[in-house]
>>> print(open('input_31.cif').read())   # mmCIF, C-alpha atoms
data_coords
loop_
_atom_site.label_atom_id
_atom_site.label_comp_id
_atom_site.auth_asym_id
_atom_site.auth_seq_id
_atom_site.Cartn_x
_atom_site.Cartn_y
_atom_site.Cartn_z
CA MET Z 232 -139.08 52.33 -42.23
CA ARG Z 233 -137.74 53.12 -38.74
CA PHE Z 234 -135.61 50.86 -36.56
CA GLN Z 235 -132.81 50.85 -34.00
CA ALA Z 236 -129.16 51.06 -34.99
CA ALA Z 237 -125.81 51.71 -33.34
CA VAL Z 238 -124.43 55.01 -34.64
CA LEU Z 239 -120.82 56.16 -34.38
CA ARG Z 240 -120.87 59.96 -34.39
CA SER Z 241 -117.22 60.75 -33.70
CA TYR Z 242 -113.92 58.93 -33.68
CA GLU Z 243 -113.47 59.37 -29.92
CA ASN Z 244 -116.97 58.91 -28.47
CA PRO Z 245 -118.99 55.74 -27.77
CA PHE Z 246 -121.62 54.31 -30.08
CA THR Z 247 -125.15 55.57 -29.47
CA ILE Z 248 -128.31 53.51 -29.97
CA GLU Z 249 -130.68 55.60 -32.06
CA GLU Z 250 -133.82 55.32 -34.14
CA VAL Z 251 -132.85 55.60 -37.79
CA THR Z 252 -134.94 55.77 -40.94
CA LEU Z 253 -134.37 53.81 -44.13
CA ARG Z 254 -135.73 56.00 -46.90
CA THR Z 255 -135.70 53.62 -49.85
CA GLU Z 256 -137.01 50.21 -50.86
CA PRO Z 257 -134.71 47.50 -52.24
CA ALA Z 258 -133.71 48.26 -55.82
CA ASP Z 259 -133.01 45.65 -58.49
CA GLY Z 260 -130.38 43.29 -57.15
CA GLU Z 261 -130.89 44.29 -53.51
CA VAL Z 262 -132.49 42.62 -50.50
CA LEU Z 263 -133.66 43.89 -47.13
CA VAL Z 264 -132.43 41.66 -44.29
CA GLU Z 265 -133.68 41.57 -40.71
CA ILE Z 266 -130.45 41.10 -38.77
CA ALA Z 267 -130.33 38.19 -36.32
CA GLY Z 268 -126.77 38.85 -35.21
CA CYS Z 269 -123.72 40.81 -36.32
CA GLY Z 270 -120.12 40.13 -35.39
CA MET Z 271 -117.86 42.95 -34.24
CA CYS Z 272 -114.65 42.95 -36.26
CA ARG Z 273 -111.37 44.79 -35.72
CA THR Z 274 -112.03 46.53 -39.04
CA ASP Z 275 -115.14 48.16 -37.53
CA LEU Z 276 -113.10 49.44 -34.60
CA ALA Z 277 -110.27 50.61 -36.86
CA VAL Z 278 -112.58 53.38 -38.11
CA ARG Z 279 -111.64 55.20 -34.91
CA ARG Z 280 -108.03 55.33 -36.14
CA SER Z 281 -108.87 56.34 -39.71
CA ALA Z 282 -107.93 60.01 -39.16
CA GLY Z 283 -110.99 61.35 -40.92
CA ARG Z 284 -110.89 59.01 -43.92
CA SER Z 285 -114.14 57.30 -42.92
CA PRO Z 286 -117.17 59.61 -42.98
CA LEU Z 287 -119.15 60.01 -39.77
CA PRO Z 288 -121.80 59.77 -38.41
CA ALA Z 289 -122.17 56.22 -39.64
CA VAL Z 290 -123.72 52.83 -39.04
CA LEU Z 291 -120.93 50.25 -39.07
CA GLY Z 292 -121.09 46.45 -38.90
CA HIS Z 293 -120.09 44.04 -41.67
CA GLU Z 294 -120.52 40.53 -40.25
CA GLY Z 295 -124.29 40.34 -40.39
CA ALA Z 296 -126.62 37.36 -40.69
CA GLY Z 297 -130.39 37.40 -40.85
CA VAL Z 298 -133.61 36.71 -42.72
CA VAL Z 299 -134.59 38.30 -46.03
CA VAL Z 300 -137.82 40.25 -45.59
CA ARG Z 301 -138.00 42.07 -48.96
CA THR Z 302 -136.33 41.83 -52.33
CA GLY Z 303 -135.98 44.26 -55.19
CA GLY Z 304 -136.07 41.51 -57.77
CA GLY Z 305 -134.01 41.75 -60.93
CA PRO Z 306 -132.45 39.02 -63.04
CA ASP Z 307 -129.46 38.58 -60.72
CA THR Z 308 -131.45 38.19 -57.49
CA ALA Z 309 -131.66 34.49 -56.62
CA ILE Z 310 -132.31 35.24 -52.94
CA GLY Z 311 -135.95 35.14 -51.84
CA VAL Z 312 -138.08 36.35 -48.94
CA GLY Z 313 -137.65 34.07 -45.94
CA ASP Z 314 -134.17 32.91 -46.90
CA HIS Z 315 -131.57 32.78 -44.14
CA VAL Z 316 -128.42 34.55 -45.29
CA VAL Z 317 -124.90 35.40 -44.17
CA LEU Z 318 -123.67 38.77 -45.42
CA SER Z 319 -120.14 39.17 -46.70
CA PHE Z 320 -118.14 41.88 -48.47
CA ASP Z 321 -119.42 43.59 -51.60
CA SER Z 322 -117.97 43.38 -55.10
CA CYS Z 323 -118.97 44.59 -58.55
CA GLY Z 324 -119.25 41.20 -60.25
CA HIS Z 325 -117.99 42.33 -63.64
CA CYS Z 326 -114.37 43.50 -63.37
CA ARG Z 327 -111.53 41.18 -64.37
CA ASN Z 328 -110.90 39.97 -60.81
CA CYS Z 329 -114.57 39.34 -60.07
CA ARG Z 330 -114.92 37.40 -63.31
CA GLY Z 331 -111.80 35.47 -62.33
CA ALA Z 332 -113.36 34.29 -59.03
CA ALA Z 333 -111.32 36.78 -56.97
CA PRO Z 334 -114.02 39.18 -55.68
CA ALA Z 335 -111.89 40.26 -52.71
CA TYR Z 336 -109.63 42.00 -55.24
CA CYS Z 337 -112.50 43.71 -57.05
CA ASP Z 338 -111.43 46.88 -58.85
CA SER Z 339 -114.17 48.72 -56.93
CA PHE Z 340 -113.57 47.10 -53.55
CA ALA Z 341 -112.72 50.36 -51.75
CA SER Z 342 -115.65 52.34 -53.10
CA LEU Z 343 -118.17 49.54 -52.60
CA ASN Z 344 -117.10 48.59 -49.09
CA LEU Z 345 -115.88 51.79 -47.48
CA PHE Z 346 -119.09 53.85 -47.51
CA GLY Z 347 -119.20 54.29 -51.28
CA GLY Z 348 -120.65 52.46 -54.20
CA CYS Z 349 -124.20 53.84 -54.13
CA LYS Z 350 -124.81 57.37 -55.34
CA GLU Z 351 -128.30 58.58 -54.42
CA ASP Z 352 -130.01 61.93 -54.77
CA ILE Z 353 -131.31 61.56 -51.20
CA PRO Z 354 -129.66 59.89 -48.21
CA ARG Z 355 -130.60 56.26 -47.75
CA LEU Z 356 -130.23 56.25 -44.00
CA THR Z 357 -131.03 59.21 -41.74
CA ASP Z 358 -131.20 59.88 -38.02
CA ALA Z 359 -134.22 61.16 -36.09
CA ALA Z 360 -133.44 64.75 -37.08
CA GLY Z 361 -133.21 63.87 -40.75
CA GLY Z 362 -129.40 64.04 -40.84
CA ALA Z 363 -127.67 61.73 -43.27
CA LEU Z 364 -125.81 58.68 -41.93
CA ALA Z 365 -123.06 57.03 -43.93
CA PRO Z 366 -124.56 53.70 -45.08
CA ARG Z 367 -123.33 50.56 -46.81
CA TRP Z 368 -120.26 49.83 -44.70
CA PHE Z 369 -118.99 46.75 -46.57
CA GLY Z 370 -122.31 46.81 -48.39
CA GLN Z 371 -124.14 46.20 -45.08
CA SER Z 372 -124.07 48.65 -42.16
CA SER Z 373 -125.45 45.79 -40.08
CA PHE Z 374 -125.08 47.14 -36.52
CA ALA Z 375 -128.82 47.57 -36.82
CA ARG Z 376 -132.08 45.70 -36.84
CA TYR Z 377 -132.27 45.87 -40.65
CA ALA Z 378 -129.72 46.11 -43.45
CA LEU Z 379 -130.31 46.90 -47.12
CA VAL Z 380 -127.67 44.96 -49.04
CA PRO Z 381 -126.72 43.85 -52.55
CA ALA Z 382 -127.98 40.34 -53.13
CA ARG Z 383 -124.51 39.56 -54.48
CA ASN Z 384 -123.00 39.67 -51.00
CA ALA Z 385 -125.74 37.56 -49.35
CA VAL Z 386 -125.11 33.82 -49.08
CA ARG Z 387 -128.07 31.52 -48.44
CA VAL Z 388 -127.58 29.07 -45.56
CA ASP Z 389 -129.47 26.15 -44.04
CA PRO Z 390 -132.33 27.44 -41.83
CA ALA Z 391 -131.47 24.77 -39.26
CA LEU Z 392 -128.18 26.54 -38.46
CA PRO Z 393 -127.91 28.98 -35.49
CA LEU Z 394 -128.41 32.09 -37.61
CA GLU Z 395 -127.54 34.64 -34.93
CA LEU Z 396 -124.01 33.17 -34.67
CA LEU Z 397 -123.19 32.89 -38.38
CA GLY Z 398 -122.30 36.50 -39.22
CA PRO Z 399 -118.53 36.24 -38.53
CA LEU Z 400 -118.35 33.59 -41.26
CA GLY Z 401 -118.75 36.51 -43.68
CA CYS Z 402 -115.46 38.19 -42.76
CA GLY Z 403 -113.27 37.33 -39.76
CA PHE Z 404 -113.63 33.55 -39.79
CA LEU Z 405 -113.76 33.55 -43.60
CA THR Z 406 -110.43 35.41 -43.69
CA GLY Z 407 -108.54 33.01 -41.44
CA ALA Z 408 -110.03 29.83 -42.81
CA GLY Z 409 -109.76 31.03 -46.39
CA ALA Z 410 -106.06 31.81 -46.02
CA VAL Z 411 -105.48 28.17 -45.03
CA LEU Z 412 -107.91 26.45 -47.38
CA ASN Z 413 -107.75 28.76 -50.40
CA THR Z 414 -104.47 30.70 -50.42
CA PHE Z 415 -102.23 27.99 -48.98
CA GLY Z 416 -104.32 24.99 -49.96
CA ALA Z 417 -102.98 23.30 -46.83
CA GLY Z 418 -103.56 19.58 -46.42
CA PRO Z 419 -102.28 16.46 -44.64
CA GLY Z 420 -98.55 16.62 -43.97
CA ASP Z 421 -98.31 20.41 -44.34
CA THR Z 422 -97.09 22.63 -41.53
CA LEU Z 423 -98.41 26.06 -40.59
CA ALA Z 424 -97.39 28.73 -38.09
CA VAL Z 425 -100.11 31.20 -37.07
CA PHE Z 426 -99.03 34.47 -35.46
CA GLY Z 427 -101.87 35.99 -33.43
CA ALA Z 428 -104.60 33.80 -31.94
CA GLY Z 429 -107.53 36.17 -32.27
CA ALA Z 430 -110.64 35.48 -34.30
CA VAL Z 431 -108.81 35.31 -37.64
CA GLY Z 432 -105.87 33.31 -36.30
CA LEU Z 433 -108.02 30.80 -34.42
CA ALA Z 434 -110.20 30.31 -37.51
CA ALA Z 435 -106.99 29.51 -39.37
CA VAL Z 436 -106.01 27.01 -36.68
CA MET Z 437 -109.41 25.29 -36.87
CA ALA Z 438 -109.28 25.16 -40.67
CA ALA Z 439 -105.74 23.76 -40.64
CA THR Z 440 -106.73 21.05 -38.16
CA ALA Z 441 -109.75 20.19 -40.31
CA ALA Z 442 -107.47 19.96 -43.35
CA GLY Z 443 -105.02 17.65 -41.56
CA ALA Z 444 -102.14 20.14 -41.31
CA ARG Z 445 -99.86 20.48 -38.28
CA THR Z 446 -100.04 23.93 -36.71
CA VAL Z 447 -98.08 26.07 -34.27
CA ALA Z 448 -99.91 29.08 -32.79
CA VAL Z 449 -98.09 32.12 -31.38
CA ASP Z 450 -99.72 34.68 -29.09
CA ARG Z 451 -99.01 36.74 -25.97
CA HIS Z 452 -102.29 35.87 -24.19
CA PRO Z 453 -102.23 32.51 -22.33
CA GLN Z 454 -106.00 32.08 -22.60
CA ARG Z 455 -105.85 32.40 -26.38
CA LEU Z 456 -102.99 29.95 -26.58
CA ALA Z 457 -105.15 27.56 -24.55
CA LEU Z 458 -107.91 27.93 -27.15
CA ALA Z 459 -105.45 27.31 -29.97
CA GLU Z 460 -104.27 24.15 -28.23
CA ARG Z 461 -107.89 23.01 -27.79
CA PHE Z 462 -108.36 23.41 -31.54
CA GLY Z 463 -105.31 21.31 -32.38
CA ALA Z 464 -102.32 23.70 -32.44
CA ILE Z 465 -99.06 23.59 -30.56
CA PRO Z 466 -99.03 26.78 -28.43
CA LEU Z 467 -95.99 29.07 -28.20
CA PRO Z 468 -95.78 32.34 -26.24
CA ALA Z 469 -94.89 35.29 -28.48
CA GLU Z 470 -92.17 36.40 -26.08
CA ALA Z 471 -90.45 33.01 -26.10
CA ALA Z 472 -86.70 33.23 -26.75
CA GLY Z 473 -85.55 31.88 -30.09
CA LEU Z 474 -89.09 31.75 -31.49
CA PRO Z 475 -88.18 30.99 -35.15
CA GLU Z 476 -85.80 28.22 -34.11
CA ARG Z 477 -88.44 26.66 -31.85
CA ILE Z 478 -91.00 26.72 -34.67
CA ARG Z 479 -88.50 25.12 -37.05
CA ARG Z 480 -87.88 22.32 -34.56
CA LEU Z 481 -91.61 21.74 -34.07
CA THR Z 482 -92.26 21.66 -37.83
CA ASP Z 483 -89.38 19.41 -38.92
CA GLY Z 484 -87.16 22.09 -40.42
CA GLY Z 485 -89.55 24.97 -40.82
CA ALA Z 486 -93.19 25.69 -41.56
CA GLN Z 487 -94.35 25.47 -45.15
CA TYR Z 488 -96.82 28.27 -44.48
CA ALA Z 489 -97.12 31.10 -41.98
CA LEU Z 490 -100.00 33.47 -41.38
CA ASP Z 491 -99.51 36.78 -39.58
CA THR Z 492 -102.57 38.53 -38.13
CA THR Z 493 -100.66 40.97 -35.91
CA ALA Z 494 -99.04 43.49 -38.31
CA SER Z 495 -96.06 43.48 -35.91
CA PRO Z 496 -92.78 43.89 -37.87
CA PRO Z 497 -90.71 41.86 -35.36
CA LEU Z 498 -93.20 38.97 -35.51
CA ILE Z 499 -93.38 39.17 -39.30
CA ASN Z 500 -89.60 38.80 -39.43
CA ASP Z 501 -89.83 35.89 -36.98
CA ALA Z 502 -92.47 34.30 -39.20
CA LEU Z 503 -90.22 34.55 -42.27
CA ARG Z 504 -87.28 33.05 -40.39
CA ALA Z 505 -89.53 30.19 -39.21
CA LEU Z 506 -90.31 29.13 -42.80
CA ARG Z 507 -88.61 26.30 -44.60
CA PRO Z 508 -87.08 27.00 -48.05
CA THR Z 509 -89.82 27.94 -50.56
CA GLY Z 510 -92.20 28.60 -47.66
CA SER Z 511 -94.90 31.28 -47.89
CA LEU Z 512 -96.01 33.95 -45.46
CA GLY Z 513 -99.45 35.54 -45.73
CA LEU Z 514 -100.33 38.87 -44.11
CA VAL Z 515 -103.97 39.65 -43.34
CA ALA Z 516 -103.70 42.74 -41.13
CA ARG Z 517 -103.17 46.25 -42.50
CA LEU Z 518 -99.70 47.59 -41.81
CA HIS Z 519 -99.60 50.98 -40.10
CA THR Z 520 -95.83 51.45 -40.21
CA ALA Z 521 -92.98 50.64 -42.56
CA LEU Z 522 -92.05 46.97 -42.66
CA PRO Z 523 -88.28 46.56 -42.40
CA LEU Z 524 -87.25 43.06 -43.46
CA GLU Z 525 -84.11 41.74 -41.84
CA PRO Z 526 -81.30 40.32 -43.99
CA GLY Z 527 -81.84 36.72 -44.94
CA THR Z 528 -85.58 36.57 -44.25
CA LEU Z 529 -86.50 36.26 -47.94
CA ASP Z 530 -83.64 33.95 -48.93
CA ARG Z 531 -84.07 30.47 -50.42
CA GLY Z 532 -87.34 30.97 -52.23
CA ARG Z 533 -89.38 32.27 -49.31
CA GLY Z 534 -92.29 34.53 -50.30
CA ILE Z 535 -94.60 37.06 -48.69
CA ARG Z 536 -97.97 38.44 -49.83
CA HIS Z 537 -101.06 40.14 -48.51
CA ILE Z 538 -104.27 38.09 -48.35
CA CYS Z 539 -107.62 39.89 -48.56
CA GLU Z 540 -110.79 38.21 -47.24
CA GLY Z 541 -109.17 34.78 -47.35
CA ASP Z 542 -109.06 34.82 -51.17
CA ALA Z 543 -112.66 33.65 -50.81
CA VAL Z 544 -115.67 33.44 -53.01
CA PRO Z 545 -118.14 33.76 -50.11
CA GLY Z 546 -120.83 31.71 -51.82
CA LEU Z 547 -118.41 28.76 -51.95
CA LEU Z 548 -116.44 29.07 -48.71
CA ILE Z 549 -119.28 29.91 -46.29
CA PRO Z 550 -121.23 26.70 -47.09
CA ARG Z 551 -117.99 24.76 -46.76
CA LEU Z 552 -117.39 26.22 -43.30
CA THR Z 553 -120.94 25.59 -42.11
CA GLY Z 554 -120.60 22.00 -43.34
CA LEU Z 555 -117.39 21.59 -41.35
CA TRP Z 556 -119.16 23.05 -38.29
CA GLN Z 557 -122.02 20.59 -38.66
CA ALA Z 558 -119.44 17.81 -38.82
CA GLY Z 559 -117.81 19.05 -35.59
CA ARG Z 560 -114.61 20.09 -37.39
CA PHE Z 561 -114.84 23.90 -37.33
CA PRO Z 562 -116.23 24.88 -33.88
CA PHE Z 563 -116.31 28.63 -34.45
CA ASP Z 564 -119.22 29.02 -32.03
CA GLN Z 565 -116.79 28.41 -29.16
CA LEU Z 566 -115.13 31.77 -29.93
CA ILE Z 567 -118.36 33.79 -29.71
CA ARG Z 568 -119.93 35.74 -26.87
CA THR Z 569 -123.26 37.42 -27.59
CA TYR Z 570 -124.33 40.89 -26.44
CA PRO Z 571 -127.53 42.87 -26.97
CA LEU Z 572 -126.95 45.56 -29.58
CA SER Z 573 -127.59 48.09 -26.80
CA ASP Z 574 -124.41 46.79 -25.10
CA ILE Z 575 -122.20 47.54 -28.11
CA ASN Z 576 -119.85 49.74 -26.08
CA ARG Z 577 -119.30 46.99 -23.52
CA ALA Z 578 -118.62 44.57 -26.36
CA GLU Z 579 -116.05 46.98 -27.80
CA ARG Z 580 -114.31 47.33 -24.42
CA ASP Z 581 -114.25 43.57 -23.90
CA CYS Z 582 -112.80 43.13 -27.39
CA ASP Z 583 -110.13 45.79 -26.86
CA GLU Z 584 -109.15 44.32 -23.49
CA GLY Z 585 -108.95 40.75 -24.78
CA ARG Z 586 -111.84 39.41 -22.70
CA VAL Z 587 -113.66 38.10 -25.75
CA VAL Z 588 -112.45 36.70 -29.06
CA LYS Z 589 -115.53 37.44 -31.17
CA PRO Z 590 -118.40 39.59 -29.90
CA VAL Z 591 -121.71 39.11 -31.70
CA LEU Z 592 -124.40 41.77 -31.30
CA LEU Z 593 -128.08 40.75 -31.22
CA PRO Z 594 -130.66 43.41 -32.15
CA GLU Z 595 -133.53 43.60 -29.68
CA GLY Z 596 -137.10 43.14 -30.82
CA ARG Z 597 -136.29 40.92 -33.79
CA SER Z 598 -139.27 38.88 -34.98
CA ARG Z 599 -138.83 35.13 -34.55
#
>>> encode(input="input_31.cif", output="structure tokens")
Amino acid sequence: MRFQAAVLRSYENPFTIEEVTLRTEPADGEVLVEIAGCGMCRTDLAVRRSAGRSPLPAVLGHEGAGVVVRTGGGPDTAIGVGDHVVLSFDSCGHCRNCRGAAPAYCDSFASLNLFGGCKEDIPRLTDAAGGALAPRWFGQSSFARYALVPARNAVRVDPALPLELLGPLGCGFLTGAGAVLNTFGAGPGDTLAVFGAGAVGLAAVMAATAAGARTVAVDRHPQRLALAERFGAIPLPAEAAGLPERIRRLTDGGAQYALDTTASPPLINDALRALRPTGSLGLVARLHTALPLEPGTLDRGRGIRHICEGDAVPGLLIPRLTGLWQAGRFPFDQLIRTYPLSDINRAERDCDEGRVVKPVLLPEGRSR
């Protein structure tokens, strides 16, 4: 079948909207999804900085949501034609971590989500000239009108929900909210400091407010601090003097939990100093440089760890988040601006320049 997709052909050049061809039907355990909307995530844009590690040309996109139009069947396929689904990351389902309800730490996570995981004799996805395109970015490649995905990473949702806006629940919002609800298990009386009020950080703020925790949000953009304050956090400029001391005063002696989304070593050290004894810092962004820890930052039982995909089982957390949204307690839609898929380069510029928190791309010509 032929359809439109956004193709990234080089690390430096813009996306191009092209007609691509899907050359295979869904196999056992797979479903074909007509995409209603796909969030643009920083991980998609980080491919440009991957120094050749990500194969191009490729169809990116890993925050898709849409309607199932075909299934390959198989004993593990509980998703049916017509189901509304949110697509999340892929996992094998049978390694020790998957069996232990930790699919984000799947032994095959890299191969399944970073253009691997499916070895075919012929390319699955090709361009108009028949050239192979790297498919299955996070099991999806959903910057397109259609995506062929493992049923395992599709989560059925209520058809009454605004499907075109739900895609970011599969990664960015899942990561921030999951860090608060799953990793930290934050609840009433707990205190949290969030460093970086982008999509992940603001999802963490919303989840913390929904859980009854007190939150301080740190960012360098006033408009994002204003959003954090709207969602229940105390805003603090990142450049404020004595940042750790100010956070400790606002959290009665230090935050129990801190979440860093910036990968900035100075802010990570500030986050550790802002913790109370036995406090925990979670990192969700990939570090691109060495992380020097200043003396005393890990004293008195403080801990630090990386958190992948919010420690989430998507089939459990995504329905929880949509339920909170329906109850008015997780207003993620207020972070979204929609763009036609054909405007993907404008969406990328707006994202890079901080004019939008979460772009969502809408394929043209989708059946309703």
>>> closest_residue(input="input_31.cif", among="Z:Val316, Z:Ala502, Z:Leu345, Z:Leu263", to="Arg367 of chain Z", atoms="all atoms listed in the file")
Z:Leu345
>>> residues_around(input="input_31.cif", residues="Thr247 of chain Z", least_positions_apart="4", cutoff="9 Å", atoms="only C-alpha atoms", output="number ranges by chain")
Z: 236-240, 573, 575-576
>>> closest_residue(input="input_31.cif", among="Z:His519, Z:Ala430, Z:Thr422, Z:Gly313", to="Arg479 of chain Z", atoms="only C-alpha atoms")
Z:Thr422
>>> resolve_selection(input="input_31.cif", expression="the PyMOL selection byres ((chain Z and resi 492) around 8)", output="JSON list (two decimals) with C-alpha atoms, in the coordinates of the input")
[["chain", "number", "residue", "atom", "x", "y", "z"],
["Z", 425, "VAL", "CA", -100.11, 31.20, -37.07],
["Z", 426, "PHE", "CA", -99.03, 34.47, -35.46],
["Z", 427, "GLY", "CA", -101.87, 35.99, -33.43],
["Z", 431, "VAL", "CA", -108.81, 35.31, -37.64],
["Z", 432, "GLY", "CA", -105.87, 33.31, -36.30],
["Z", 490, "LEU", "CA", -100.00, 33.47, -41.38],
["Z", 491, "ASP", "CA", -99.51, 36.78, -39.58],
["Z", 493, "THR", "CA", -100.66, 40.97, -35.91],
["Z", 494, "ALA", "CA", -99.04, 43.49, -38.31],
["Z", 514, "LEU", "CA", -100.33, 38.87, -44.11],
["Z", 515, "VAL", "CA", -103.97, 39.65, -43.34],
["Z", 516, "ALA", "CA", -103.70, 42.74, -41.13]]
>>> resolve_selection(input="input_31.cif", expression="the PyMOL selection byres ((chain Z and resi 489) around 12)", output="ChimeraX atom specification")
/Z:407,410-411,414-415,417,421-427,432,435-436,439,445-449,475,478-479,482,485-488,490-492,498-507,509-515,533-538
>>> write_last_selection(input="input_31.cif", atoms="C-alpha atoms", output="short mmCIF file (atom, residue, chain, number, x, y, z; two decimals), in the frame of the given file")
data_model
loop_
_atom_site.label_atom_id
_atom_site.label_comp_id
_atom_site.auth_asym_id
_atom_site.auth_seq_id
_atom_site.Cartn_x
_atom_site.Cartn_y
_atom_site.Cartn_z
CA GLY Z 407 -108.54 33.01 -41.44
CA ALA Z 410 -106.06 31.81 -46.02
CA VAL Z 411 -105.48 28.17 -45.03
CA THR Z 414 -104.47 30.70 -50.42
CA PHE Z 415 -102.23 27.99 -48.98
CA ALA Z 417 -102.98 23.30 -46.83
CA ASP Z 421 -98.31 20.41 -44.34
CA THR Z 422 -97.09 22.63 -41.53
CA LEU Z 423 -98.41 26.06 -40.59
CA ALA Z 424 -97.39 28.73 -38.09
CA VAL Z 425 -100.11 31.20 -37.07
CA PHE Z 426 -99.03 34.47 -35.46
CA GLY Z 427 -101.87 35.99 -33.43
CA GLY Z 432 -105.87 33.31 -36.30
CA ALA Z 435 -106.99 29.51 -39.37
CA VAL Z 436 -106.01 27.01 -36.68
CA ALA Z 439 -105.74 23.76 -40.64
CA ARG Z 445 -99.86 20.48 -38.28
CA THR Z 446 -100.04 23.93 -36.71
CA VAL Z 447 -98.08 26.07 -34.27
CA ALA Z 448 -99.91 29.08 -32.79
CA VAL Z 449 -98.09 32.12 -31.38
CA PRO Z 475 -88.18 30.99 -35.15
CA ILE Z 478 -91.00 26.72 -34.67
CA ARG Z 479 -88.50 25.12 -37.05
CA THR Z 482 -92.26 21.66 -37.83
CA GLY Z 485 -89.55 24.97 -40.82
CA ALA Z 486 -93.19 25.69 -41.56
CA GLN Z 487 -94.35 25.47 -45.15
CA TYR Z 488 -96.82 28.27 -44.48
CA LEU Z 490 -100.00 33.47 -41.38
CA ASP Z 491 -99.51 36.78 -39.58
CA THR Z 492 -102.57 38.53 -38.13
CA LEU Z 498 -93.20 38.97 -35.51
CA ILE Z 499 -93.38 39.17 -39.30
CA ASN Z 500 -89.60 38.80 -39.43
CA ASP Z 501 -89.83 35.89 -36.98
CA ALA Z 502 -92.47 34.30 -39.20
CA LEU Z 503 -90.22 34.55 -42.27
CA ARG Z 504 -87.28 33.05 -40.39
CA ALA Z 505 -89.53 30.19 -39.21
CA LEU Z 506 -90.31 29.13 -42.80
CA ARG Z 507 -88.61 26.30 -44.60
CA THR Z 509 -89.82 27.94 -50.56
CA GLY Z 510 -92.20 28.60 -47.66
CA SER Z 511 -94.90 31.28 -47.89
CA LEU Z 512 -96.01 33.95 -45.46
CA GLY Z 513 -99.45 35.54 -45.73
CA LEU Z 514 -100.33 38.87 -44.11
CA VAL Z 515 -103.97 39.65 -43.34
CA ARG Z 533 -89.38 32.27 -49.31
CA GLY Z 534 -92.29 34.53 -50.30
CA ILE Z 535 -94.60 37.06 -48.69
CA ARG Z 536 -97.97 38.44 -49.83
CA HIS Z 537 -101.06 40.14 -48.51
CA ILE Z 538 -104.27 38.09 -48.35
#
